[in-house]
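final_15.cif (mmCIF, C-alpha atoms) appears below.
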```cif
data_run
loop_
_atom_site.label_atom_id
_atom_site.label_comp_id
_atom_site.auth_asym_id
_atom_site.auth_seq_id
_atom_site.Cartn_x
_atom_site.Cartn_y
_atom_site.Cartn_z
CA MET S 1 2.51 -5.84 -18.49
CA ARG S 2 5.11 -3.14 -17.86
CA ILE S 3 5.77 -1.65 -14.44
CA ALA S 4 8.01 1.36 -13.78
CA LEU S 5 10.23 1.17 -10.71
CA ASP S 6 11.69 4.20 -8.96
CA GLY S 7 15.30 3.10 -8.74
CA MET S 8 16.22 5.96 -6.41
CA GLY S 9 13.47 5.51 -3.80
CA GLY S 10 14.12 3.93 -0.42
CA ASP S 11 16.85 3.50 2.17
CA LEU S 12 18.48 0.65 0.23
CA ALA S 13 18.19 2.08 -3.27
CA PRO S 14 19.34 1.68 -5.92
CA GLN S 15 20.95 -1.72 -5.21
CA GLU S 16 17.95 -3.46 -3.60
CA ALA S 17 15.51 -1.76 -5.96
CA VAL S 18 17.36 -3.17 -8.98
CA LEU S 19 17.61 -6.63 -7.40
CA GLY S 20 13.90 -6.61 -6.59
CA GLY S 21 13.09 -5.48 -10.11
CA ALA S 22 15.19 -8.30 -11.53
CA GLN S 23 13.42 -10.85 -9.33
CA ALA S 24 10.02 -9.50 -10.41
CA ALA S 25 10.98 -9.69 -14.09
CA ARG S 26 12.13 -13.28 -13.60
CA ASP S 27 9.36 -14.59 -11.33
CA LEU S 28 6.28 -12.52 -12.19
CA GLY S 29 6.51 -12.30 -15.96
CA VAL S 30 6.44 -8.50 -16.10
CA GLU S 31 8.65 -6.02 -17.89
CA VAL S 32 10.31 -3.76 -15.35
CA VAL S 33 11.45 -0.27 -16.31
CA VAL S 34 13.92 1.13 -13.79
CA VAL S 35 13.95 4.93 -13.56
CA GLY S 36 16.89 6.73 -11.98
CA LEU S 37 20.18 8.58 -12.23
CA PRO S 38 22.20 7.03 -15.06
CA GLU S 39 25.51 7.13 -13.20
CA ARG S 40 24.06 5.18 -10.26
CA VAL S 41 21.62 2.80 -11.94
CA ARG S 42 23.13 1.84 -15.30
CA PRO S 43 26.18 0.04 -13.85
CA LEU S 44 23.84 -2.16 -11.77
CA LEU S 45 21.77 -3.11 -14.80
CA GLU S 46 24.69 -4.78 -16.57
CA ALA S 47 24.06 -7.92 -14.49
CA HIS S 48 20.31 -7.83 -15.19
CA PRO S 49 19.69 -7.71 -18.95
CA ARG S 50 15.93 -8.22 -18.55
CA LEU S 51 15.52 -4.80 -17.00
CA HIS S 52 14.85 -1.68 -19.04
CA PHE S 53 16.10 1.79 -18.14
CA VAL S 54 14.69 5.32 -18.35
CA PRO S 55 16.89 8.16 -17.09
CA ALA S 56 15.94 10.80 -14.54
CA SER S 57 18.17 13.67 -13.47
CA GLN S 58 16.70 14.45 -10.04
CA ILE S 59 15.70 12.73 -6.76
CA VAL S 60 13.06 13.61 -4.17
CA GLU S 61 14.89 13.06 -0.91
CA MET S 62 13.23 11.55 2.16
CA ASP S 63 13.55 14.74 4.23
CA GLU S 64 12.18 17.15 1.61
CA HIS S 65 8.75 18.74 1.67
CA PRO S 66 6.85 16.43 -0.73
CA ALA S 67 4.76 18.82 -2.84
CA GLN S 68 7.44 21.51 -3.01
CA ALA S 69 10.13 18.99 -3.99
CA VAL S 70 7.98 17.45 -6.73
CA ARG S 71 7.22 20.90 -8.16
CA ARG S 72 10.89 21.96 -8.03
CA LYS S 73 12.10 18.70 -9.53
CA PRO S 74 9.99 17.86 -12.58
CA ASP S 75 12.59 15.33 -13.76
CA SER S 76 12.73 13.43 -10.47
CA SER S 77 12.57 9.65 -10.69
CA MET S 78 9.09 9.73 -9.09
CA SER S 79 7.73 12.29 -11.55
CA VAL S 80 9.15 10.38 -14.51
CA CYS S 81 7.44 7.19 -13.28
CA ALA S 82 4.12 9.02 -12.94
CA ARG S 83 4.45 10.52 -16.44
CA LEU S 84 5.24 7.14 -17.97
CA THR S 85 2.04 5.82 -16.39
CA LYS S 86 -0.04 8.80 -17.52
CA GLN S 87 1.28 8.44 -21.09
CA GLY S 88 0.44 4.74 -21.15
CA GLN S 89 4.06 3.65 -21.60
CA VAL S 90 3.78 1.54 -18.42
CA ASP S 91 0.82 0.02 -16.59
CA GLY S 92 1.78 1.37 -13.18
CA TRP S 93 4.71 2.28 -10.97
CA VAL S 94 6.33 1.47 -7.64
CA SER S 95 8.48 3.52 -5.29
CA ALA S 96 9.92 3.05 -1.81
CA GLY S 97 10.78 6.73 -1.55
CA ASN S 98 9.21 9.67 0.28
CA SER S 99 5.55 8.60 0.58
CA GLY S 100 4.32 12.18 0.47
CA GLY S 101 6.42 12.73 -2.63
CA ILE S 102 4.91 9.66 -4.27
CA MET S 103 1.43 10.98 -3.58
CA ALA S 104 2.34 14.43 -4.89
CA ALA S 105 3.96 13.00 -8.03
CA ALA S 106 0.91 10.80 -8.68
CA LEU S 107 -1.53 13.69 -8.14
CA PHE S 108 0.42 16.13 -10.31
CA GLY S 109 1.39 13.60 -12.96
CA GLN S 110 -1.69 11.38 -13.15
CA GLY S 111 -4.52 13.29 -11.50
CA ARG S 112 -7.40 12.20 -9.28
CA ILE S 113 -10.36 10.10 -10.28
CA ARG S 114 -13.31 12.45 -10.76
CA GLY S 115 -15.39 12.62 -7.60
CA VAL S 116 -12.65 11.42 -5.26
CA GLU S 117 -12.18 13.88 -2.41
CA ARG S 118 -8.82 12.52 -1.21
CA PRO S 119 -6.69 9.59 -2.38
CA ALA S 120 -5.93 6.99 0.29
CA LEU S 121 -3.13 4.56 0.98
CA GLY S 122 -4.30 1.05 1.72
CA THR S 123 -2.36 -2.00 2.81
CA VAL S 124 -3.02 -5.65 3.57
CA LEU S 125 -2.98 -6.50 7.27
CA PRO S 126 -2.49 -10.13 8.41
CA THR S 127 -5.14 -11.44 10.79
CA ALA S 128 -6.13 -14.72 12.44
CA GLY S 129 -8.36 -15.35 9.42
CA GLU S 130 -8.04 -13.95 5.93
CA PRO S 131 -5.98 -10.75 5.59
CA ALA S 132 -7.84 -7.46 5.99
CA PHE S 133 -7.38 -4.29 3.96
CA LEU S 134 -6.62 -1.20 6.06
CA LEU S 135 -6.92 2.35 4.78
CA ASP S 136 -5.90 5.11 5.13
CA VAL S 137 -2.38 4.39 6.39
CA GLY S 138 -0.80 7.80 6.01
CA ALA S 139 -1.92 9.74 2.97
CA ASN S 140 -4.34 11.92 4.97
CA VAL S 141 -3.44 12.77 8.54
CA ASP S 142 -6.51 14.98 8.91
CA SER S 143 -9.73 13.59 7.46
CA ARG S 144 -13.43 14.34 7.30
CA PRO S 145 -16.34 11.88 7.60
CA GLU S 146 -17.04 12.04 3.86
CA TYR S 147 -13.42 11.10 3.15
CA LEU S 148 -13.68 8.00 5.33
CA VAL S 149 -16.87 6.90 3.57
CA GLN S 150 -15.05 7.18 0.24
CA PHE S 151 -12.11 5.26 1.67
CA ALA S 152 -14.55 2.50 2.60
CA ARG S 153 -15.96 2.39 -0.93
CA MET S 154 -12.50 2.24 -2.51
CA GLY S 155 -11.38 -0.35 0.02
CA CYS S 156 -14.36 -2.54 -0.83
CA VAL S 157 -13.42 -2.43 -4.51
CA TYR S 158 -9.89 -3.53 -3.60
CA ALA S 159 -11.18 -6.31 -1.33
CA ARG S 160 -13.45 -7.63 -4.09
CA GLU S 161 -11.06 -7.37 -7.01
CA ILE S 162 -7.76 -8.25 -5.35
CA LEU S 163 -8.64 -10.20 -2.20
CA GLY S 164 -11.62 -12.02 -3.67
CA ARG S 165 -14.22 -10.99 -1.07
CA SER S 166 -17.63 -11.03 -2.73
CA GLU S 167 -19.32 -8.87 -0.07
CA PRO S 168 -16.58 -7.17 1.97
CA ARG S 169 -17.34 -6.53 5.64
CA VAL S 170 -16.43 -2.98 6.63
CA GLY S 171 -15.35 -1.88 10.10
CA LEU S 172 -14.61 1.61 11.41
CA LEU S 173 -11.52 1.68 13.62
CA SER S 174 -12.36 2.99 17.09
CA ASN S 175 -11.46 2.63 20.76
CA GLY S 176 -14.73 0.83 21.45
CA GLU S 177 -17.36 -1.21 19.65
CA GLU S 178 -20.30 0.92 20.78
CA ALA S 179 -21.67 3.47 18.30
CA GLY S 180 -21.02 6.36 20.70
CA LYS S 181 -17.33 5.56 21.18
CA GLY S 182 -14.44 7.26 19.38
CA ASP S 183 -13.36 10.81 18.71
CA GLN S 184 -15.54 13.32 16.88
CA LEU S 185 -14.46 12.05 13.46
CA VAL S 186 -15.41 8.47 14.30
CA ARG S 187 -18.73 9.47 15.87
CA GLU S 188 -19.68 11.54 12.81
CA THR S 189 -18.53 8.88 10.34
CA GLN S 190 -20.33 5.94 11.97
CA PRO S 191 -23.91 6.89 10.94
CA ARG S 192 -22.76 7.80 7.44
CA LEU S 193 -21.21 4.38 6.94
CA ALA S 194 -24.32 2.77 8.40
CA ALA S 195 -26.40 4.55 5.72
CA SER S 196 -23.89 3.99 2.88
CA GLY S 197 -25.30 0.70 1.58
CA LEU S 198 -21.99 -1.03 2.29
CA ASN S 199 -21.80 -4.16 4.43
CA PHE S 200 -20.94 -2.08 7.49
CA CYS S 201 -20.30 -4.05 10.69
CA GLY S 202 -19.91 -1.06 13.01
CA ASN S 203 -16.99 0.13 15.08
CA VAL S 204 -14.10 -2.28 15.56
CA GLU S 205 -11.22 -2.31 17.99
CA PRO S 206 -7.81 -3.71 16.99
CA LYS S 207 -8.67 -7.05 18.61
CA GLU S 208 -11.63 -7.53 16.24
CA VAL S 209 -9.48 -6.50 13.30
CA LEU S 210 -6.74 -8.99 14.14
CA ALA S 211 -9.34 -11.69 14.80
CA GLY S 212 -10.36 -11.37 11.14
CA GLN S 213 -13.91 -10.16 11.78
CA VAL S 214 -13.86 -7.57 8.96
CA ASP S 215 -12.39 -7.38 5.47
CA VAL S 216 -11.97 -3.61 5.17
CA VAL S 217 -10.84 -1.41 8.06
CA VAL S 218 -11.40 2.34 7.69
CA ALA S 219 -9.40 4.94 9.62
CA ASP S 220 -7.92 8.38 9.22
CA GLY S 221 -4.30 8.36 8.06
CA PHE S 222 -2.88 9.15 11.49
CA ALA S 223 -4.54 6.23 13.28
CA GLY S 224 -4.10 3.86 10.34
CA SER S 225 -0.40 4.58 10.11
CA LEU S 226 0.05 3.92 13.83
CA VAL S 227 -1.81 0.60 13.55
CA ILE S 228 0.26 -0.75 10.67
CA LYS S 229 3.57 0.43 12.11
CA THR S 230 2.72 -1.06 15.51
CA ALA S 231 1.79 -4.35 13.87
CA GLU S 232 5.06 -4.45 11.94
CA ALA S 233 7.13 -3.59 15.02
CA THR S 234 5.30 -6.18 17.16
CA ALA S 235 5.93 -8.96 14.65
CA GLU S 236 9.62 -8.04 14.46
CA LEU S 237 9.86 -7.95 18.27
CA ILE S 238 8.30 -11.41 18.60
CA PHE S 239 10.67 -13.06 16.14
CA ARG S 240 13.71 -11.20 17.46
CA ASN S 241 12.93 -12.51 20.95
CA LEU S 242 12.38 -16.03 19.63
CA ARG S 243 15.79 -15.98 17.93
CA ARG S 244 17.38 -14.84 21.19
CA GLU S 245 15.55 -17.11 23.63
CA ILE S 246 15.32 -20.46 21.80
CA PRO S 247 19.11 -21.14 21.62
CA ARG S 248 19.66 -20.40 25.32
CA SER S 249 19.11 -24.01 26.44
CA VAL S 250 19.45 -27.51 25.03
CA ALA S 251 15.70 -28.01 25.39
CA GLY S 252 15.08 -24.76 23.57
CA LYS S 253 17.38 -25.77 20.73
CA ALA S 254 15.66 -29.14 20.41
CA GLY S 255 12.24 -27.55 20.53
CA GLY S 256 13.33 -24.97 18.00
CA LEU S 257 14.22 -27.69 15.52
CA LEU S 258 10.80 -29.28 15.95
CA ILE S 259 8.87 -26.07 15.34
CA ARG S 260 11.23 -24.55 12.77
CA ASP S 261 8.99 -25.12 9.72
CA GLY S 262 5.93 -23.79 11.53
CA VAL S 263 7.81 -20.70 12.68
CA ARG S 264 8.97 -20.07 9.14
CA ARG S 265 5.41 -20.22 7.85
CA LEU S 266 4.26 -17.93 10.63
CA ARG S 267 7.05 -15.47 9.93
CA LYS S 268 6.18 -15.39 6.25
CA ASN S 269 2.54 -14.73 7.11
CA LEU S 270 3.49 -11.80 9.38
CA ASP S 271 6.41 -10.41 7.35
CA TRP S 272 5.50 -6.98 5.93
CA ARG S 273 7.88 -7.61 3.02
CA GLU S 274 5.63 -10.40 1.75
CA TYR S 275 2.79 -7.91 1.25
CA GLY S 276 4.88 -5.59 -0.89
CA GLY S 277 3.38 -2.14 -0.81
CA ALA S 278 0.33 0.05 -0.36
CA PRO S 279 -1.64 1.02 -3.47
CA LEU S 280 -2.56 4.68 -3.71
CA LEU S 281 -6.31 4.54 -4.33
CA GLY S 282 -8.24 7.37 -5.94
CA ILE S 283 -5.71 8.48 -8.54
CA GLU S 284 -5.94 7.87 -12.27
CA GLY S 285 -3.67 4.90 -12.81
CA VAL S 286 -1.66 2.58 -10.63
CA ALA S 287 0.91 3.77 -8.07
CA VAL S 288 2.20 1.60 -5.23
CA VAL S 289 4.03 2.93 -2.19
CA ALA S 290 6.58 0.48 -0.80
CA HIS S 291 8.12 0.64 2.68
CA GLY S 292 11.13 2.93 2.97
CA ARG S 293 13.19 0.00 4.29
CA SER S 294 12.22 -2.26 1.39
CA ASP S 295 14.76 -4.87 0.34
CA ALA S 296 14.65 -6.87 -2.90
CA LEU S 297 11.88 -9.18 -1.64
CA ALA S 298 9.64 -6.25 -0.65
CA ILE S 299 10.27 -4.49 -3.98
CA LYS S 300 9.42 -7.64 -5.91
CA ASN S 301 6.15 -8.02 -4.02
CA ALA S 302 5.31 -4.33 -4.45
CA ILE S 303 5.64 -4.87 -8.19
CA ARG S 304 3.30 -7.86 -7.81
CA VAL S 305 0.74 -5.56 -6.14
CA ALA S 306 1.06 -3.09 -9.02
CA ARG S 307 0.65 -5.89 -11.57
CA GLN S 308 -2.51 -7.16 -9.83
CA ALA S 309 -3.99 -3.66 -9.72
CA ALA S 310 -3.34 -3.18 -13.43
CA GLU S 311 -4.59 -6.63 -14.44
CA THR S 312 -7.89 -6.18 -12.61
CA ASP S 313 -8.33 -2.58 -13.81
CA LEU S 314 -8.58 -1.48 -10.20
CA THR S 315 -8.62 2.18 -11.24
CA GLY S 316 -11.55 1.62 -13.58
CA GLN S 317 -13.45 -0.30 -10.93
CA ILE S 318 -12.99 2.52 -8.39
CA ARG S 319 -13.90 5.09 -11.02
CA GLY S 320 -17.14 3.23 -11.69
CA ALA S 321 -17.98 2.95 -8.00
CA ILE S 322 -17.39 6.65 -7.32
CA ASP S 323 -19.08 7.79 -10.53
CA GLY S 324 -22.18 5.80 -9.64
CA ILE S 325 -22.46 7.56 -6.27
CA VAL S 326 -21.91 11.00 -7.86
CA LYS S 327 -24.60 10.36 -10.50
CA GLY S 328 -26.99 9.09 -7.84
CA ARG S 329 -26.56 12.29 -5.83
CA ARG S 330 -27.16 14.45 -8.88
CA ALA S 331 -30.32 12.50 -9.73
CA SER S 332 -31.67 12.93 -6.19
CA GLU S 333 -31.04 16.67 -6.33
#
```

As structure tokens, how would this structure be written, given the file I've shared?
Amino acid sequence: MRIALDGMGGDLAPQEAVLGGAQAARDLGVEVVVVGLPERVRPLLEAHPRLHFVPASQIVEMDEHPAQAVRRKPDSSMSVCARLTKQGQVDGWVSAGNSGGIMAAALFGQGRIRGVERPALGTVLPTAGEPAFLLDVGANVDSRPEYLVQFARMGCVYAREILGRSEPRVGLLSNGEEAGKGDQLVRETQPRLAASGLNFCGNVEPKEVLAGQVDVVVADGFAGSLVIKTAEATAELIFRNLRREIPRSVAGKAGGLLIRDGVRRLRKNLDWREYGGAPLLGIEGVAVVAHGRSDALAIKNAIRVARQAAETDLTGQIRGAIDGIVKGRRASE
């Protein structure tokens, strides 16, 4: 198993990217190929002999227009990672860089699965029960009902193959449980999901999602991105306040010692870094988008996500699911 890592992507690159790659190579049993500018990456690799290196001469910066930058910079670290995947030299790639750039590099370098209208970013969301899979979380700000139905199908494949849900429960994110609630997109999507043959549970509000009542949560990229970012910020706020308030009194310090192990487990369960990154579903091959603030732990876990996707042939499973729907439509026509 070989995974390419964009050594130039993210706020803390290349140092944290290289450290995360080294941890993945050590702990996950994968070969990690770091792609980046030789003058910035090679010196860091001297301390990590397990890592391989492939040079790139360009970087897609965070503030650049994604598609334009990828076209102008064919030798960017992202584009090189995508080409390595397309050519079969690696089994997938990971980047914490410009998410739009990652999507553009994957689309240009790897292509879409036939029949997929729009690729989607999906991520694991902690809940009171088993984690849910939320998509889209930013790849498509403006969506159509047919896109959301495809997102649901791809999300169900991920939930089955990666999360182990035999019959994933699907919910449509809305501001109310009733079928008539939501904006126009939600109202038009609801009957289509109901007729899709999926295990559709209807509209869900965030409280049902966080209660663990569904396995796959479908939303347009704008709403999905707000949900995941709000969840991350809320978890950070809770633990920041705990760190500030507990030491303020002797009783608090004593109580803090008693609950320390439980708090650590809770923090690990809610820590976005533990979930690694968001797989880009609907493209040919594996690409995982990590958080722009990813440190070594987040990078390591993003590589774990890429490894799981490659091991389970997630792309092939999605291709089969979409191809079956396309063939069924043609037969009915």

field: Output of the PyMOL selection byres ((chain S and resi 32) around 6), listed as a PyMOL selection string
entry: chain S and resi 2-4+31+33+51

Could you write out that same residue set with C-alpha atoms as a PDB file, in the frame of the given file?
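Output file out-v1.pdb follows:
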```
ATOM      1  CA  ARG S   2       5.110  -3.140 -17.860  1.00  0.00           C
ATOM      2  CA  ILE S   3       5.770  -1.650 -14.440  1.00  0.00           C
ATOM      3  CA  ALA S   4       8.010   1.360 -13.780  1.00  0.00           C
ATOM      4  CA  GLU S  31       8.650  -6.020 -17.890  1.00  0.00           C
ATOM      5  CA  VAL S  33      11.450  -0.270 -16.310  1.00  0.00           C
ATOM      6  CA  LEU S  51      15.520  -4.800 -17.000  1.00  0.00           C
TER       7      LEU S  51
END
```

task: Tell me which protein, DNA and RNA residues are within 12 Å of Arg319 of chain S, counting only C-alpha atoms, leaving out same-chain ones fewer than 3 positions away, and put them as a list in words.
output: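 The contact residues come out as Arg112, Ile113, Arg114, Gly115, Val116, Gln150, Arg153, Met154, Val157, Leu281, Gly282, Ile283, Glu284, Gly285, Asp313, Leu314, Thr315, Gly316, Ile322, Asp323, Gly324, Ile325, Val326 and Lys327 of chain S.
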
task: Can you work out which one of S:Leu297, S:Val170, S:Met1, S:Ala235 has the shortest atom-to-atom distance to Glu16 of chain S, counting all atoms listed in the file?
output: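 Residue with the minimum atom-to-atom distance to Glu16 of chain S: S:Leu297.
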
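Of the listed residues S:Asp11, S:Gly88, S:Ala321, S:Ala152, the one whose atoms come nearest to Arg169 of chain S is S:Ala152, with distances taken using all atoms listed in the file.
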
- line: A straight line from atom CA of Gly212 of chain S to atom CA of Thr127 of chain S spans 5.2 Å

With all atoms listed in the file as the counted atoms, please give the residues lying no more than 7 Å from Val35 of chain S, apart from itself and same-chain residues fewer than 6 positions off, as a PDB file with C-alpha atoms, keeping the file's coordinate frame.
```
ATOM      1  CA  ALA S   4       8.010   1.360 -13.780  1.00  0.00           C
ATOM      2  CA  LEU S   5      10.230   1.170 -10.710  1.00  0.00           C
ATOM      3  CA  ASP S   6      11.690   4.200  -8.960  1.00  0.00           C
ATOM      4  CA  GLY S   7      15.300   3.100  -8.740  1.00  0.00           C
ATOM      5  CA  PHE S  53      16.100   1.790 -18.140  1.00  0.00           C
ATOM      6  CA  VAL S  54      14.690   5.320 -18.350  1.00  0.00           C
ATOM      7  CA  PRO S  55      16.890   8.160 -17.090  1.00  0.00           C
ATOM      8  CA  ALA S  56      15.940  10.800 -14.540  1.00  0.00           C
ATOM      9  CA  SER S  77      12.570   9.650 -10.690  1.00  0.00           C
ATOM     10  CA  CYS S  81       7.440   7.190 -13.280  1.00  0.00           C
TER      11      CYS S  81
END
```

- prompt: What separation in Å, quoted to one decimal, exists between atom CA of Gly138 of chain S and atom CA of Gly97 of chain S?
  reply: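 Distance between the two atoms: 13.9 Å.
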
task: Would you kindly translate the PyMOL selection byres ((chain S and resi 57) around 9) into the concrete residues it picks from this file, as a VMD selection string?
output: chain S and resid 36 to 38 55 to 56 58 to 59 73 75 to 77

Return as JSON the box centre and box size in Å, one decimal, for an axis-aligned box around all listed atoms of segment 71-81 of chain S padded by 8 Å per side.
```
{"center_x": 10.0, "center_y": 14.6, "center_z": -11.3, "size_x": 21.5, "size_y": 30.8, "size_z": 22.5}
```

message: Once the PyMOL selection byres ((chain S and resi 189) around 10) is applied to the coordinates I shared, what remains selected? I want it as number ranges by chain.
response: S: 144-149, 172, 184-188, 190-194, 219

Compile a residue-level contact table for segment 49-154 of chain S against segment 291-295 of chain S at a cut-off of 12 Å, reporting for every qualifying residue the shortest atom pair and its distance in Å to one decimal, with all atoms listed in the file counted, rows ordered by chain and ascending number, as a Markdown table.
```
| residue | atom | partner | partner_atom | distance |
| --- | --- | --- | --- | --- |
| S:Glu61 | CA | S:Gly292 | CA | 11.5 |
| S:Met62 | CA | S:Gly292 | CA | 8.9 |
| S:Val94 | CA | S:His291 | CA | 10.5 |
| S:Ser95 | CA | S:His291 | CA | 8.5 |
| S:Ala96 | CA | S:Gly292 | CA | 4.9 |
| S:Gly97 | CA | S:Gly292 | CA | 5.9 |
| S:Asn98 | CA | S:Gly292 | CA | 7.5 |
| S:Ser99 | CA | S:Gly292 | CA | 8.3 |
| S:Gly100 | CA | S:Gly292 | CA | 11.8 |
| S:Ile102 | CA | S:Gly292 | CA | 11.7 |
| S:Thr123 | CA | S:His291 | CA | 10.8 |
| S:Val137 | CA | S:His291 | CA | 11.8 |
| S:Gly138 | CA | S:His291 | CA | 11.9 |
```

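For the residues S:Ala24, S:Val227, S:Gln68, S:Gly9, ranking by smallest atom-to-atom distance to Arg304 of chain S using all atoms listed in the file places S:Ala24 first.
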
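With atom CA of Val218 of chain S on one side and atom CA of Leu135 of chain S on the other, the separation reads 5.3 Å.
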
task: Tell me, as a ChimeraX atom specification, which residues lie within 7 Å of Gly122 of chain S, counting all atoms listed in the file; anything in the same chain fewer than 6 positions away does not count.
output: /S:133-137,278-280
